[in-house]
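Next up, upload29.tsv (TSV, C-alpha atoms):
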chain	number	residue	atom	x	y	z
M	1	MET	CA	0.00	0.00	0.00
M	2	SER	CA	1.38	3.38	-1.00
M	3	ILE	CA	0.05	6.85	-0.19
M	4	LEU	CA	0.94	10.09	-1.93
M	5	ILE	CA	0.10	13.31	-0.07
M	6	THR	CA	0.06	16.22	-2.51
M	7	ASN	CA	-0.28	20.01	-2.49
M	8	ILE	CA	0.95	20.25	1.10
M	9	LYS	CA	0.88	23.90	2.11
M	10	GLU	CA	3.96	23.34	4.30
M	11	LEU	CA	5.81	20.15	5.17
M	12	LEU	CA	7.46	20.56	8.59
M	13	GLN	CA	10.51	19.01	10.24
M	14	VAL	CA	12.17	17.91	7.01
M	15	ARG	CA	15.61	16.53	7.86
M	16	GLU	CA	18.34	14.35	6.44
M	17	ALA	CA	19.11	11.06	8.14
M	18	GLY	CA	21.54	11.10	11.07
M	19	ILE	CA	20.14	14.06	12.99
M	20	LEU	CA	19.05	12.58	16.32
M	21	LYS	CA	18.31	15.75	18.30
M	22	VAL	CA	18.59	19.54	18.08
M	23	THR	CA	20.31	21.61	20.73
M	24	GLY	CA	20.34	25.20	21.95
M	25	SER	CA	20.04	27.75	19.13
M	26	GLU	CA	19.48	24.90	16.62
M	27	MET	CA	16.01	24.53	18.13
M	28	LYS	CA	14.94	27.83	16.58
M	29	ASP	CA	15.28	26.25	13.13
M	30	LEU	CA	12.38	24.15	11.85
M	31	PRO	CA	13.22	23.01	8.29
M	32	THR	CA	10.17	23.14	6.01
M	33	LEU	CA	9.12	22.76	2.39
M	34	GLU	CA	6.26	24.75	0.87
M	35	ASN	CA	3.89	23.38	-1.78
M	36	ALA	CA	5.21	19.89	-1.14
M	37	TYR	CA	4.43	16.23	-1.60
M	38	LEU	CA	5.16	13.22	0.62
M	39	LEU	CA	5.31	9.62	-0.61
M	40	ILE	CA	4.72	6.71	1.76
M	41	GLU	CA	5.18	3.02	0.96
M	42	HIS	CA	3.79	0.57	3.48
M	43	ASP	CA	4.99	2.02	6.83
M	44	THR	CA	7.91	4.11	5.57
M	45	ILE	CA	8.58	7.59	4.20
M	46	VAL	CA	10.31	7.02	0.87
M	47	ASP	CA	10.29	10.42	-0.81
M	48	TYR	CA	9.30	14.07	-0.48
M	49	GLY	CA	9.88	17.29	-2.34
M	50	THR	CA	8.17	20.25	-3.96
M	51	MET	CA	5.16	19.73	-6.21
M	52	GLU	CA	7.11	20.77	-9.29
M	53	ASN	CA	9.12	17.55	-8.81
M	54	CYS	CA	6.05	15.36	-8.25
M	55	ILE	CA	5.33	14.81	-11.94
M	56	GLY	CA	4.93	11.12	-12.75
M	57	ILE	CA	4.79	9.91	-9.11
M	58	THR	CA	1.81	7.64	-8.47
M	59	ALA	CA	0.49	5.70	-5.50
M	60	ASP	CA	-2.39	3.43	-4.49
M	61	GLU	CA	-4.03	6.37	-2.73
M	62	THR	CA	-3.63	10.11	-3.11
M	63	ILE	CA	-4.51	12.61	-0.37
M	64	ASP	CA	-4.93	16.22	-1.44
M	65	ALA	CA	-3.57	18.40	1.38
M	66	THR	CA	-4.31	21.78	-0.21
M	67	GLY	CA	-4.23	24.46	2.50
M	68	LYS	CA	-3.00	21.96	5.09
M	69	ILE	CA	0.24	21.44	6.97
M	70	VAL	CA	1.92	18.06	7.41
M	71	LEU	CA	4.30	17.30	10.26
M	72	PRO	CA	5.62	14.27	12.17
M	73	THR	CA	3.39	12.84	14.88
M	74	TRP	CA	4.18	13.85	18.44
M	75	CYS	CA	6.67	11.76	20.42
M	76	ASP	CA	5.52	11.69	24.05
M	77	SER	CA	8.51	10.52	26.08
M	78	HIS	CA	6.99	10.57	29.59
M	79	THR	CA	3.62	9.03	30.49
M	80	HIS	CA	1.94	6.88	33.12
M	81	ILE	CA	-0.97	6.09	30.81
M	82	VAL	CA	-1.50	2.57	32.22
M	83	TYR	CA	-3.42	3.19	35.43
M	84	ALA	CA	-6.70	2.17	37.05
M	85	GLY	CA	-9.57	4.47	37.99
M	86	ASN	CA	-8.95	8.17	38.54
M	87	ARG	CA	-8.23	10.69	41.29
M	88	GLU	CA	-10.91	13.29	40.66
M	89	GLN	CA	-11.59	13.70	44.40
M	90	GLU	CA	-7.99	14.79	44.95
M	91	PHE	CA	-8.53	17.40	42.23
M	92	VAL	CA	-11.33	18.83	44.36
M	93	ASP	CA	-9.17	18.55	47.50
M	94	ARG	CA	-6.51	20.73	45.83
M	95	ILE	CA	-9.13	23.29	44.88
M	96	ASN	CA	-10.06	23.34	48.58
M	97	GLY	CA	-6.51	24.14	49.61
M	98	LEU	CA	-4.55	20.91	49.98
M	99	SER	CA	-1.22	20.63	48.16
M	100	TYR	CA	0.01	17.61	46.18
M	101	GLU	CA	2.37	16.87	49.07
M	102	ASP	CA	-0.46	17.22	51.65
M	103	ILE	CA	-2.57	14.69	49.79
M	104	ALA	CA	0.34	12.27	49.51
M	105	SER	CA	1.13	12.52	53.24
M	106	ARG	CA	-2.49	11.52	54.01
M	107	GLY	CA	-2.15	8.30	52.02
M	108	GLY	CA	-3.53	9.71	48.78
M	109	GLY	CA	-1.64	10.41	45.60
M	110	ILE	CA	0.43	7.57	44.20
M	111	LEU	CA	-0.55	5.22	47.05
M	112	ASN	CA	-4.21	5.78	46.20
M	113	SER	CA	-3.60	4.81	42.57
M	114	ALA	CA	-1.51	1.81	43.66
M	115	GLU	CA	-4.30	0.43	45.83
M	116	THR	CA	-6.82	0.82	43.01
M	117	LEU	CA	-4.51	-0.84	40.50
M	118	GLN	CA	-3.67	-3.74	42.81
M	119	ASN	CA	-7.41	-4.45	43.03
M	120	THR	CA	-8.00	-4.21	39.26
M	121	ASP	CA	-7.63	-7.32	37.11
M	122	GLU	CA	-5.28	-7.25	34.16
M	123	ASP	CA	-7.91	-7.30	31.41
M	124	THR	CA	-9.81	-4.41	32.99
M	125	LEU	CA	-6.57	-2.45	33.35
M	126	TYR	CA	-5.83	-3.11	29.68
M	127	ARG	CA	-9.27	-1.94	28.57
M	128	GLN	CA	-9.04	1.27	30.60
M	129	SER	CA	-5.56	1.96	29.26
M	130	ILE	CA	-6.25	1.35	25.56
M	131	ALA	CA	-9.15	3.82	25.68
M	132	ARG	CA	-6.57	6.48	26.58
M	133	VAL	CA	-4.09	5.21	23.99
M	134	GLU	CA	-6.69	5.34	21.23
M	135	ASN	CA	-7.54	8.91	22.23
M	136	ILE	CA	-3.97	10.19	22.14
M	137	MET	CA	-3.41	8.59	18.75
M	138	GLN	CA	-6.35	10.63	17.45
M	139	LEU	CA	-4.66	13.68	19.01
M	140	GLY	CA	-1.53	13.08	16.94
M	141	THR	CA	0.78	11.05	19.19
M	142	GLY	CA	2.62	8.35	17.27
M	143	ALA	CA	5.21	7.24	19.83
M	144	ILE	CA	4.91	6.95	23.57
M	145	GLU	CA	6.88	5.94	26.65
M	146	ILE	CA	4.81	4.21	29.36
M	147	LYS	CA	5.96	3.79	32.96
M	148	SER	CA	4.95	1.34	35.63
M	149	GLY	CA	4.96	2.64	39.20
M	150	TYR	CA	1.34	2.36	40.29
M	151	GLY	CA	1.82	-1.26	41.35
M	152	LEU	CA	4.37	-1.04	44.18
M	153	THR	CA	4.26	-4.82	44.61
M	154	THR	CA	6.10	-7.28	42.41
M	155	GLU	CA	2.93	-8.76	40.94
M	156	ALA	CA	1.24	-5.41	40.35
M	157	GLU	CA	4.32	-3.88	38.71
M	158	LEU	CA	4.61	-6.92	36.45
M	159	LYS	CA	0.89	-6.65	35.67
M	160	MET	CA	1.35	-3.05	34.54
M	161	LEU	CA	4.31	-3.91	32.36
M	162	ARG	CA	2.47	-6.86	30.81
M	163	VAL	CA	-0.31	-4.45	29.85
M	164	VAL	CA	2.29	-2.12	28.32
M	165	LYS	CA	3.69	-5.05	26.33
M	166	ARG	CA	0.19	-5.96	25.14
M	167	ILE	CA	-0.41	-2.40	23.93
M	168	LYS	CA	2.91	-2.52	22.11
M	169	GLU	CA	1.95	-5.76	20.37
M	170	GLU	CA	-1.65	-4.85	19.49
M	171	TYR	CA	-1.45	-1.17	18.52
M	172	PRO	CA	0.58	0.55	15.79
M	173	ILE	CA	1.81	3.32	18.09
M	174	LYS	CA	5.49	2.96	19.01
M	175	VAL	CA	5.79	2.02	22.70
M	176	LYS	CA	8.80	2.06	25.02
M	177	ALA	CA	8.41	0.64	28.53
M	178	THR	CA	9.95	2.00	31.73
M	179	PHE	CA	10.09	0.29	35.13
M	180	LEU	CA	9.29	2.79	37.90
M	181	GLY	CA	9.03	0.61	41.01
M	182	ALA	CA	10.61	3.45	43.01
M	183	HIS	CA	7.65	5.78	42.54
M	184	ALA	CA	6.55	5.91	46.18
M	185	LEU	CA	7.08	3.95	49.38
M	186	PRO	CA	4.29	1.38	49.92
M	187	LYS	CA	2.39	1.53	53.21
M	188	GLN	CA	3.77	-1.81	54.38
M	189	PHE	CA	7.32	-0.44	54.02
M	190	LYS	CA	6.57	2.91	55.67
M	191	ASP	CA	9.25	2.32	58.32
M	192	ASP	CA	11.52	0.12	56.20
M	193	LYS	CA	12.58	1.93	53.04
M	194	GLN	CA	15.64	-0.27	52.61
M	195	GLY	CA	13.36	-3.28	52.71
M	196	TYR	CA	11.46	-1.92	49.72
M	197	LEU	CA	14.66	-1.04	47.89
M	198	ASP	CA	15.81	-4.62	48.45
M	199	LEU	CA	12.51	-5.89	47.02
M	200	ILE	CA	13.00	-3.78	43.89
M	201	ILE	CA	16.61	-4.89	43.50
M	202	THR	CA	16.38	-8.59	44.36
M	203	GLU	CA	12.89	-9.48	43.14
M	204	MET	CA	11.34	-6.94	40.77
M	205	LEU	CA	14.34	-6.18	38.56
M	206	PRO	CA	15.25	-9.86	37.93
M	207	GLU	CA	11.62	-10.71	37.03
M	208	ILE	CA	11.32	-7.76	34.68
M	209	ALA	CA	14.59	-8.68	32.99
M	210	LYS	CA	13.60	-12.35	32.76
M	211	HIS	CA	10.40	-11.49	30.88
M	212	GLN	CA	11.93	-8.55	28.94
M	213	LEU	CA	9.23	-6.16	30.12
M	214	ALA	CA	11.12	-2.84	30.19
M	215	HIS	CA	13.66	-0.84	28.22
M	216	TYR	CA	14.31	1.80	30.88
M	217	VAL	CA	14.40	2.29	34.64
M	218	ASP	CA	13.07	5.33	36.49
M	219	VAL	CA	13.17	6.62	40.08
M	220	PHE	CA	11.18	9.45	41.66
M	221	CYS	CA	14.29	11.17	43.00
M	222	GLU	CA	12.68	13.77	45.25
M	223	LYS	CA	12.59	14.80	48.90
M	224	GLY	CA	10.02	12.69	50.70
M	225	TYR	CA	10.29	9.94	48.07
M	226	PHE	CA	13.69	8.52	47.09
M	227	SER	CA	17.01	10.12	48.02
M	228	LEU	CA	20.22	10.36	46.01
M	229	GLU	CA	21.53	7.32	47.85
M	230	ASP	CA	18.34	5.34	47.15
M	231	THR	CA	18.47	6.32	43.48
M	232	ASP	CA	22.13	5.34	43.22
M	233	GLN	CA	21.37	1.88	44.64
M	234	ILE	CA	18.60	1.21	42.15
M	235	LEU	CA	20.49	2.50	39.11
M	236	LEU	CA	23.56	0.44	39.96
M	237	ALA	CA	21.39	-2.67	40.28
M	238	ALA	CA	19.48	-1.92	37.05
M	239	LYS	CA	22.70	-1.52	35.10
M	240	GLN	CA	23.40	-5.26	35.24
M	241	TYR	CA	20.10	-5.80	33.39
M	242	ASN	CA	20.98	-3.16	30.76
M	243	LEU	CA	18.12	-0.89	31.81
M	244	ILE	CA	18.92	2.72	30.89
M	245	PRO	CA	17.87	5.45	33.37
M	246	LYS	CA	15.12	8.01	32.68
M	247	ILE	CA	14.76	9.90	35.96
M	248	HIS	CA	11.99	11.93	37.64
M	249	VAL	CA	13.97	14.76	39.23
M	250	ASN	CA	13.73	18.38	40.41
M	251	GLN	CA	9.93	18.49	40.48
M	252	PHE	CA	9.81	20.22	43.87
M	253	ASN	CA	13.46	20.49	44.94
M	254	ALA	CA	16.91	20.79	43.36
M	255	PHE	CA	19.39	18.75	45.39
M	256	GLY	CA	21.82	17.03	43.04
M	257	GLY	CA	19.61	14.49	41.29
M	258	ILE	CA	20.46	15.72	37.81
M	259	ALA	CA	24.20	15.31	38.31
M	260	LEU	CA	23.59	11.79	39.65
M	261	ALA	CA	21.41	10.91	36.64
M	262	VAL	CA	24.06	12.20	34.23
M	263	LYS	CA	26.71	10.19	36.09
M	264	HIS	CA	24.66	7.05	35.44
M	265	GLY	CA	24.24	7.88	31.75
M	266	ALA	CA	20.54	8.75	31.93
M	267	LEU	CA	18.80	9.11	28.59
M	268	SER	CA	16.60	11.83	30.06
M	269	VAL	CA	15.90	13.82	33.21
M	270	ASP	CA	12.25	14.77	33.51
M	271	HIS	CA	10.27	17.51	35.29
M	272	LEU	CA	12.98	20.08	36.16
M	273	GLU	CA	10.50	22.62	37.49
M	274	GLU	CA	13.22	23.57	39.98
M	275	LEU	CA	16.62	24.13	38.40
M	276	ASP	CA	19.89	25.73	39.49
M	277	LEU	CA	23.19	26.55	37.80
M	278	GLU	CA	24.78	23.33	39.05
M	279	ASP	CA	22.09	21.39	37.18
M	280	ILE	CA	22.76	23.30	33.96
M	281	THR	CA	26.49	22.66	34.36
M	282	ALA	CA	25.89	18.94	34.95
M	283	LEU	CA	23.86	18.66	31.74
M	284	LYS	CA	26.37	20.48	29.53
M	285	GLY	CA	28.46	18.06	27.54
M	286	SER	CA	26.26	15.10	28.45
M	287	ASN	CA	24.00	12.96	26.26
M	288	THR	CA	21.09	13.40	28.67
M	289	MET	CA	17.92	15.07	27.38
M	290	PRO	CA	16.11	17.53	29.70
M	291	VAL	CA	12.34	16.93	29.48
M	292	ALA	CA	9.71	19.48	30.50
M	293	LEU	CA	6.14	18.55	31.44
M	294	PRO	CA	4.21	21.83	31.23
M	295	SER	CA	0.71	20.41	31.59
M	296	CYS	CA	1.77	19.02	34.99
M	297	SER	CA	2.75	22.54	36.06
M	298	TYR	CA	-0.56	23.81	34.71
M	299	PHE	CA	-2.62	21.22	36.60
M	300	LEU	CA	-0.75	21.45	39.92
M	301	SER	CA	-0.13	25.22	39.79
M	302	ILE	CA	3.58	24.72	40.37
M	303	PRO	CA	6.43	26.55	38.55
M	304	TYR	CA	7.07	25.77	34.89
M	305	THR	CA	10.34	24.23	33.81
M	306	PRO	CA	12.65	27.13	32.80
M	307	GLY	CA	12.78	26.00	29.19
M	308	ARG	CA	13.99	29.37	27.95
M	309	GLN	CA	17.00	29.16	30.30
M	310	ILE	CA	17.72	25.56	29.29
M	311	ILE	CA	17.72	26.32	25.55
M	312	ASP	CA	19.61	29.61	25.93
M	313	SER	CA	22.27	27.72	27.89
M	314	GLY	CA	22.97	25.69	24.76
M	315	LEU	CA	21.09	22.59	25.88
M	316	PRO	CA	18.40	20.57	24.11
M	317	LEU	CA	14.85	20.27	25.46
M	318	ALA	CA	12.03	17.79	24.94
M	319	LEU	CA	8.36	18.16	25.82
M	320	ALA	CA	6.06	15.41	27.12
M	321	THR	CA	2.67	15.10	28.81
M	322	ASP	CA	3.29	13.19	32.08
M	323	TYR	CA	-0.17	11.67	31.46
M	324	ASN	CA	-1.24	10.26	34.84
M	325	PRO	CA	-4.28	10.30	37.14
M	326	GLY	CA	-2.87	12.58	39.83
M	327	SER	CA	-0.99	15.47	38.28
M	328	THR	CA	-1.78	15.41	34.55
M	329	PRO	CA	-4.96	13.58	33.52
M	330	SER	CA	-4.41	14.44	29.86
M	331	GLY	CA	-2.28	13.07	27.05
M	332	ASN	CA	-2.88	15.97	24.69
M	333	MET	CA	0.48	16.90	23.21
M	334	ASN	CA	-1.12	19.75	21.27
M	335	PHE	CA	-1.92	21.41	24.60
M	336	VAL	CA	1.64	20.71	25.79
M	337	VAL	CA	3.10	22.48	22.73
M	338	SER	CA	0.80	25.46	23.25
M	339	THR	CA	1.53	25.68	26.96
M	340	ALA	CA	5.27	25.56	26.33
M	341	CYS	CA	4.91	28.58	24.06
M	342	ILE	CA	2.50	30.49	26.29
M	343	LYS	CA	3.99	29.79	29.72
M	344	MET	CA	7.61	28.78	29.05
M	345	LYS	CA	8.22	31.31	26.22
M	346	LEU	CA	9.39	28.76	23.68
M	347	THR	CA	8.95	29.77	20.06
M	348	PRO	CA	6.65	27.56	17.96
M	349	GLU	CA	9.74	26.19	16.19
M	350	GLU	CA	11.39	25.27	19.49
M	351	ALA	CA	8.22	23.68	20.85
M	352	ILE	CA	7.62	21.58	17.74
M	353	ASN	CA	11.26	20.44	17.74
M	354	ALA	CA	10.94	19.58	21.44
M	355	ALA	CA	7.77	17.55	20.85
M	356	THR	CA	9.02	15.63	17.80
M	357	ILE	CA	12.73	15.00	17.16
M	358	ASN	CA	13.87	15.67	20.75
M	359	GLY	CA	10.95	13.70	22.18
M	360	ALA	CA	12.01	10.79	20.00
M	361	TYR	CA	15.59	11.14	21.28
M	362	ALA	CA	14.31	10.99	24.87
M	363	MET	CA	12.88	7.55	24.04
M	364	GLY	CA	15.92	6.35	22.12
M	365	ILE	CA	13.99	6.14	18.84
M	366	SER	CA	15.08	9.19	16.85
M	367	THR	CA	16.70	7.04	14.14
M	368	GLU	CA	13.16	6.01	13.12
M	369	TYR	CA	10.81	8.69	14.45
M	370	GLY	CA	10.48	12.42	15.04
M	371	SER	CA	11.13	13.95	11.61
M	372	ILE	CA	10.17	13.79	7.96
M	373	THR	CA	13.16	11.79	6.79
M	374	LYS	CA	13.50	9.17	4.07
M	375	GLY	CA	13.56	5.75	5.69
M	376	LYS	CA	11.78	6.81	8.87
M	377	LYS	CA	8.38	5.52	9.89
M	378	ALA	CA	5.41	7.11	8.14
M	379	ASN	CA	3.91	8.74	11.23
M	380	VAL	CA	2.38	12.06	10.22
M	381	ILE	CA	-0.25	14.59	11.20
M	382	ILE	CA	-2.26	16.29	8.47
M	383	THR	CA	-3.80	19.47	9.85
M	384	LYS	CA	-7.02	21.15	8.88
M	385	ASN	CA	-6.78	24.30	6.77
M	386	ILE	CA	-4.80	26.68	8.99
M	387	PRO	CA	-2.90	29.92	8.24
M	388	SER	CA	0.54	28.71	9.40
M	389	TYR	CA	2.22	26.40	11.87
M	390	ASN	CA	2.25	29.28	14.38
M	391	TYR	CA	-1.51	28.79	14.53
M	392	LEU	CA	-1.06	25.34	16.15
M	393	PRO	CA	0.08	26.71	19.54
M	394	TYR	CA	-1.76	30.02	19.11
M	395	ALA	CA	-5.32	28.68	18.90
M	396	PHE	CA	-4.78	26.34	21.83
M	397	GLY	CA	-8.42	25.46	22.45
M	398	ASP	CA	-9.17	24.03	19.02
M	399	ASN	CA	-8.44	20.67	17.42
M	400	HIS	CA	-6.41	21.42	14.29
M	401	ILE	CA	-5.92	17.80	13.22
M	402	ASP	CA	-7.67	16.49	10.11
M	403	GLN	CA	-5.97	13.08	9.82
M	404	VAL	CA	-3.30	11.04	11.59
M	405	LEU	CA	-1.26	8.32	9.89
M	406	ILE	CA	0.75	5.87	11.98
M	407	ASN	CA	2.91	3.33	10.18
M	408	GLY	CA	1.35	4.57	6.98
M	409	GLU	CA	-2.21	3.78	8.07
M	410	ARG	CA	-5.03	6.16	8.97
M	411	ILE	CA	-5.97	6.22	12.63
Rewrite the structure from the file as structure tokens, please.
Amino acid sequence: MSILITNIKELLQVREAGILKVTGSEMKDLPTLENAYLLIEHDTIVDYGTMENCIGITADETIDATGKIVLPTWCDSHTHIVYAGNREQEFVDRINGLSYEDIASRGGGILNSAETLQNTDEDTLYRQSIARVENIMQLGTGAIEIKSGYGLTTEAELKMLRVVKRIKEEYPIKVKATFLGAHALPKQFKDDKQGYLDLIITEMLPEIAKHQLAHYVDVFCEKGYFSLEDTDQILLAAKQYNLIPKIHVNQFNAFGGIALAVKHGALSVDHLEELDLEDITALKGSNTMPVALPSCSYFLSIPYTPGRQIIDSGLPLALATDYNPGSTPSGNMNFVVSTACIKMKLTPEEAINAATINGAYAMGISTEYGSITKGKKANVIITKNIPSYNYLPYAFGDNHIDQVLINGERI
């Protein structure tokens, strides 16, 4: 099956092979072609160019994109989309004055979600999760990272990761799995943190490796959750199973977690709402991608990641949703791109780069995803008739998507 998209008003994120991320001032450049075509064969981009060079090219199906913009699908490198139930009551509690930390200290938050998930059977968890996955695909997401971390027991963590594996096998969206056993301290280990760390290290990690259920390992490295020493223990243990770190860090406090993550060769450090000069210094010269989660800041009314400072310091930046029931019950990357422009002062070019090529890098998949490149997967968004790509973040309340193709097939 081949598809030819013609008369594209503007084809965005057109790059040669070999570009895996964009950094610093490079993020201001979004390569485009006007009045373009795009040729897809099966699940792969095979050709593109201007319409004057489209003469004689045929395909099984032709899509006329007159007045429309075509760009790569969003690459969402940080989600917790596999979860059970919701936490709408905690939303009301926050409106009534409780903080995220207050709710967690009362046994809510992550522990609330863990209890619900532990009592939800695997098929039900799968059905709840795929409803969310199907929705984000319609919203233009073509690649996604999914974390465990709402299990907090060996069986429940494995259950989550089996659901992630099932999504990967049954849906065309690209899926990367992350083990986040160190998301919170279970109630039964309230006075024995080392006991829970030992459970992660001696029981959970070997089982996950045995069944090949995760690509990455994550830790909620934050005051009140897991310390630098705790994080170091887990990452050292995970290394023997070839799990690469992707670390939650600096959401509420900056206390050296970024430097530790870089030391362990982390693919990404995520949140970064609190950032100091030592963190910037630690990231310079590393291969670690900073990831901002602006819809989390929006929902919790906490500071936004200083994306302008990160980029102006010569660093790369990726954007992701943090889709989860407690702090970001949305997987809408279009809103994330808009919020990054509105609240973090990223330009549209920077935000689109952060949500495509750099998001792909933060999942280790930018050789195949994140740009319009010959040989990459045919994952594209076709917009409705819009004035320019600046309109995507500008008109933040509207759905600008006409069609989504993932692996060369309409969603």
Study note, to complete from the structure: Counting all atoms listed in the file, the residue among M:Thr321, M:Ser25, M:Asp121, M:Leu4 that lies closest to M:Val46 is M:Leu4
Any chance you could tabulate, as a Markdown table, the residues of stretch 114-158 of chain M at most 10 Å from stretch 192-203 of chain M with each one's nearest atom pair and distance in Å to one decimal, using all atoms listed in the file, in chain and rising number order?
| residue | atom | partner | partner_atom | distance |
| --- | --- | --- | --- | --- |
| M:Leu152 | CA | M:Tyr196 | CA | 9.0 |
| M:Thr153 | CA | M:Leu199 | CA | 8.7 |
| M:Thr154 | CA | M:Glu203 | CA | 7.2 |
Please tabulate, as JSON lines, the residues of stretch 98-136 of chain M that come within 10 Å of stretch 208-230 of chain M, each with its closest pair of atoms and the distance in Å to one decimal, counting all atoms listed in the file and ordering rows by chain, then residue number upward.
{"residue": "M:Glu101", "atom": "CA", "partner": "M:Gly224", "partner_atom": "CA", "distance": 8.9}
{"residue": "M:Ala104", "atom": "CA", "partner": "M:Gly224", "partner_atom": "CA", "distance": 9.8}
{"residue": "M:Ser105", "atom": "CA", "partner": "M:Gly224", "partner_atom": "CA", "distance": 9.2}
Practice item. Write out as a PyMOL selection string the residues lying within 10 Å of M:Ala59, counting all atoms listed in the file and excluding same-chain residues fewer than 3 positions away. Key: chain M and resi 1-5+39-41+62-63
Would you list the residues near (-5.7, 14.5, 24.1) (no more than 7 Å away, in the coordinates of the file, using all atoms listed in the file) as a tab-separated table (two decimals) with C-alpha atoms, in the frame of the given file?
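Everything below was put into part25.tsv:
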chain	number	residue	atom	x	y	z
M	135	ASN	CA	-7.54	8.91	22.23
M	136	ILE	CA	-3.97	10.19	22.14
M	139	LEU	CA	-4.66	13.68	19.01
M	330	SER	CA	-4.41	14.44	29.86
M	331	GLY	CA	-2.28	13.07	27.05
M	332	ASN	CA	-2.88	15.97	24.69
M	333	MET	CA	0.48	16.90	23.21
Would you pick out the contacts of stretch 76-88 of chain M at 9 Å or less, using only C-alpha atoms, so that residues sharing its chain but fewer than 6 positions from it are not included, and give the list as a PDB file with C-alpha atoms, in the frame of the given file?
ATOM      1  CA  GLY M 108      -3.530   9.710  48.780  1.00  0.00           C
ATOM      2  CA  GLY M 109      -1.640  10.410  45.600  1.00  0.00           C
ATOM      3  CA  ASN M 112      -4.210   5.780  46.200  1.00  0.00           C
ATOM      4  CA  SER M 113      -3.600   4.810  42.570  1.00  0.00           C
ATOM      5  CA  ALA M 114      -1.510   1.810  43.660  1.00  0.00           C
ATOM      6  CA  THR M 116      -6.820   0.820  43.010  1.00  0.00           C
ATOM      7  CA  LEU M 117      -4.510  -0.840  40.500  1.00  0.00           C
ATOM      8  CA  GLN M 118      -3.670  -3.740  42.810  1.00  0.00           C
ATOM      9  CA  ASN M 119      -7.410  -4.450  43.030  1.00  0.00           C
ATOM     10  CA  THR M 120      -8.000  -4.210  39.260  1.00  0.00           C
ATOM     11  CA  THR M 124      -9.810  -4.410  32.990  1.00  0.00           C
ATOM     12  CA  LEU M 125      -6.570  -2.450  33.350  1.00  0.00           C
ATOM     13  CA  TYR M 126      -5.830  -3.110  29.680  1.00  0.00           C
ATOM     14  CA  GLN M 128      -9.040   1.270  30.600  1.00  0.00           C
ATOM     15  CA  SER M 129      -5.560   1.960  29.260  1.00  0.00           C
ATOM     16  CA  ILE M 130      -6.250   1.350  25.560  1.00  0.00           C
ATOM     17  CA  ARG M 132      -6.570   6.480  26.580  1.00  0.00           C
ATOM     18  CA  VAL M 133      -4.090   5.210  23.990  1.00  0.00           C
ATOM     19  CA  THR M 141       0.780  11.050  19.190  1.00  0.00           C
ATOM     20  CA  GLY M 142       2.620   8.350  17.270  1.00  0.00           C
ATOM     21  CA  ALA M 143       5.210   7.240  19.830  1.00  0.00           C
ATOM     22  CA  ILE M 144       4.910   6.950  23.570  1.00  0.00           C
ATOM     23  CA  GLU M 145       6.880   5.940  26.650  1.00  0.00           C
ATOM     24  CA  ILE M 146       4.810   4.210  29.360  1.00  0.00           C
ATOM     25  CA  LYS M 147       5.960   3.790  32.960  1.00  0.00           C
ATOM     26  CA  SER M 148       4.950   1.340  35.630  1.00  0.00           C
ATOM     27  CA  GLY M 149       4.960   2.640  39.200  1.00  0.00           C
ATOM     28  CA  TYR M 150       1.340   2.360  40.290  1.00  0.00           C
ATOM     29  CA  MET M 160       1.350  -3.050  34.540  1.00  0.00           C
ATOM     30  CA  LEU M 161       4.310  -3.910  32.360  1.00  0.00           C
ATOM     31  CA  VAL M 163      -0.310  -4.450  29.850  1.00  0.00           C
ATOM     32  CA  VAL M 164       2.290  -2.120  28.320  1.00  0.00           C
ATOM     33  CA  LYS M 176       8.800   2.060  25.020  1.00  0.00           C
ATOM     34  CA  ASP M 270      12.250  14.770  33.510  1.00  0.00           C
ATOM     35  CA  VAL M 291      12.340  16.930  29.480  1.00  0.00           C
ATOM     36  CA  LEU M 293       6.140  18.550  31.440  1.00  0.00           C
ATOM     37  CA  ALA M 318      12.030  17.790  24.940  1.00  0.00           C
ATOM     38  CA  LEU M 319       8.360  18.160  25.820  1.00  0.00           C
ATOM     39  CA  ALA M 320       6.060  15.410  27.120  1.00  0.00           C
ATOM     40  CA  THR M 321       2.670  15.100  28.810  1.00  0.00           C
ATOM     41  CA  ASP M 322       3.290  13.190  32.080  1.00  0.00           C
ATOM     42  CA  TYR M 323      -0.170  11.670  31.460  1.00  0.00           C
ATOM     43  CA  ASN M 324      -1.240  10.260  34.840  1.00  0.00           C
ATOM     44  CA  PRO M 325      -4.280  10.300  37.140  1.00  0.00           C
ATOM     45  CA  GLY M 326      -2.870  12.580  39.830  1.00  0.00           C
ATOM     46  CA  PRO M 329      -4.960  13.580  33.520  1.00  0.00           C
ATOM     47  CA  GLY M 331      -2.280  13.070  27.050  1.00  0.00           C
ATOM     48  CA  MET M 333       0.480  16.900  23.210  1.00  0.00           C
ATOM     49  CA  ALA M 355       7.770  17.550  20.850  1.00  0.00           C
ATOM     50  CA  THR M 356       9.020  15.630  17.800  1.00  0.00           C
ATOM     51  CA  GLY M 359      10.950  13.700  22.180  1.00  0.00           C
ATOM     52  CA  ALA M 360      12.010  10.790  20.000  1.00  0.00           C
ATOM     53  CA  TYR M 361      15.590  11.140  21.280  1.00  0.00           C
ATOM     54  CA  ALA M 362      14.310  10.990  24.870  1.00  0.00           C
ATOM     55  CA  MET M 363      12.880   7.550  24.040  1.00  0.00           C
TER      56      MET M 363
END
Enclose all atoms of stretch 23-26 of chain M listed in the file in an axis-aligned box, grow every side by 6 Å, and hand back centre and edge lengths in Å to one decimal, as lines of an AutoDock Vina configuration file.
center_x = 19.9
center_y = 24.7
center_z = 19.3
size_x = 12.9
size_y = 18.1
size_z = 17.3
Exercise for review: Fewer than 4 positions away in the same chain doesn't count, so skip those; otherwise give me all residues within 8 Å of stretch 381-388 of chain M, counting all atoms listed in the file, as a PyMOL selection string.
Suggested key: chain M and resi 65-73+140+392+400-405
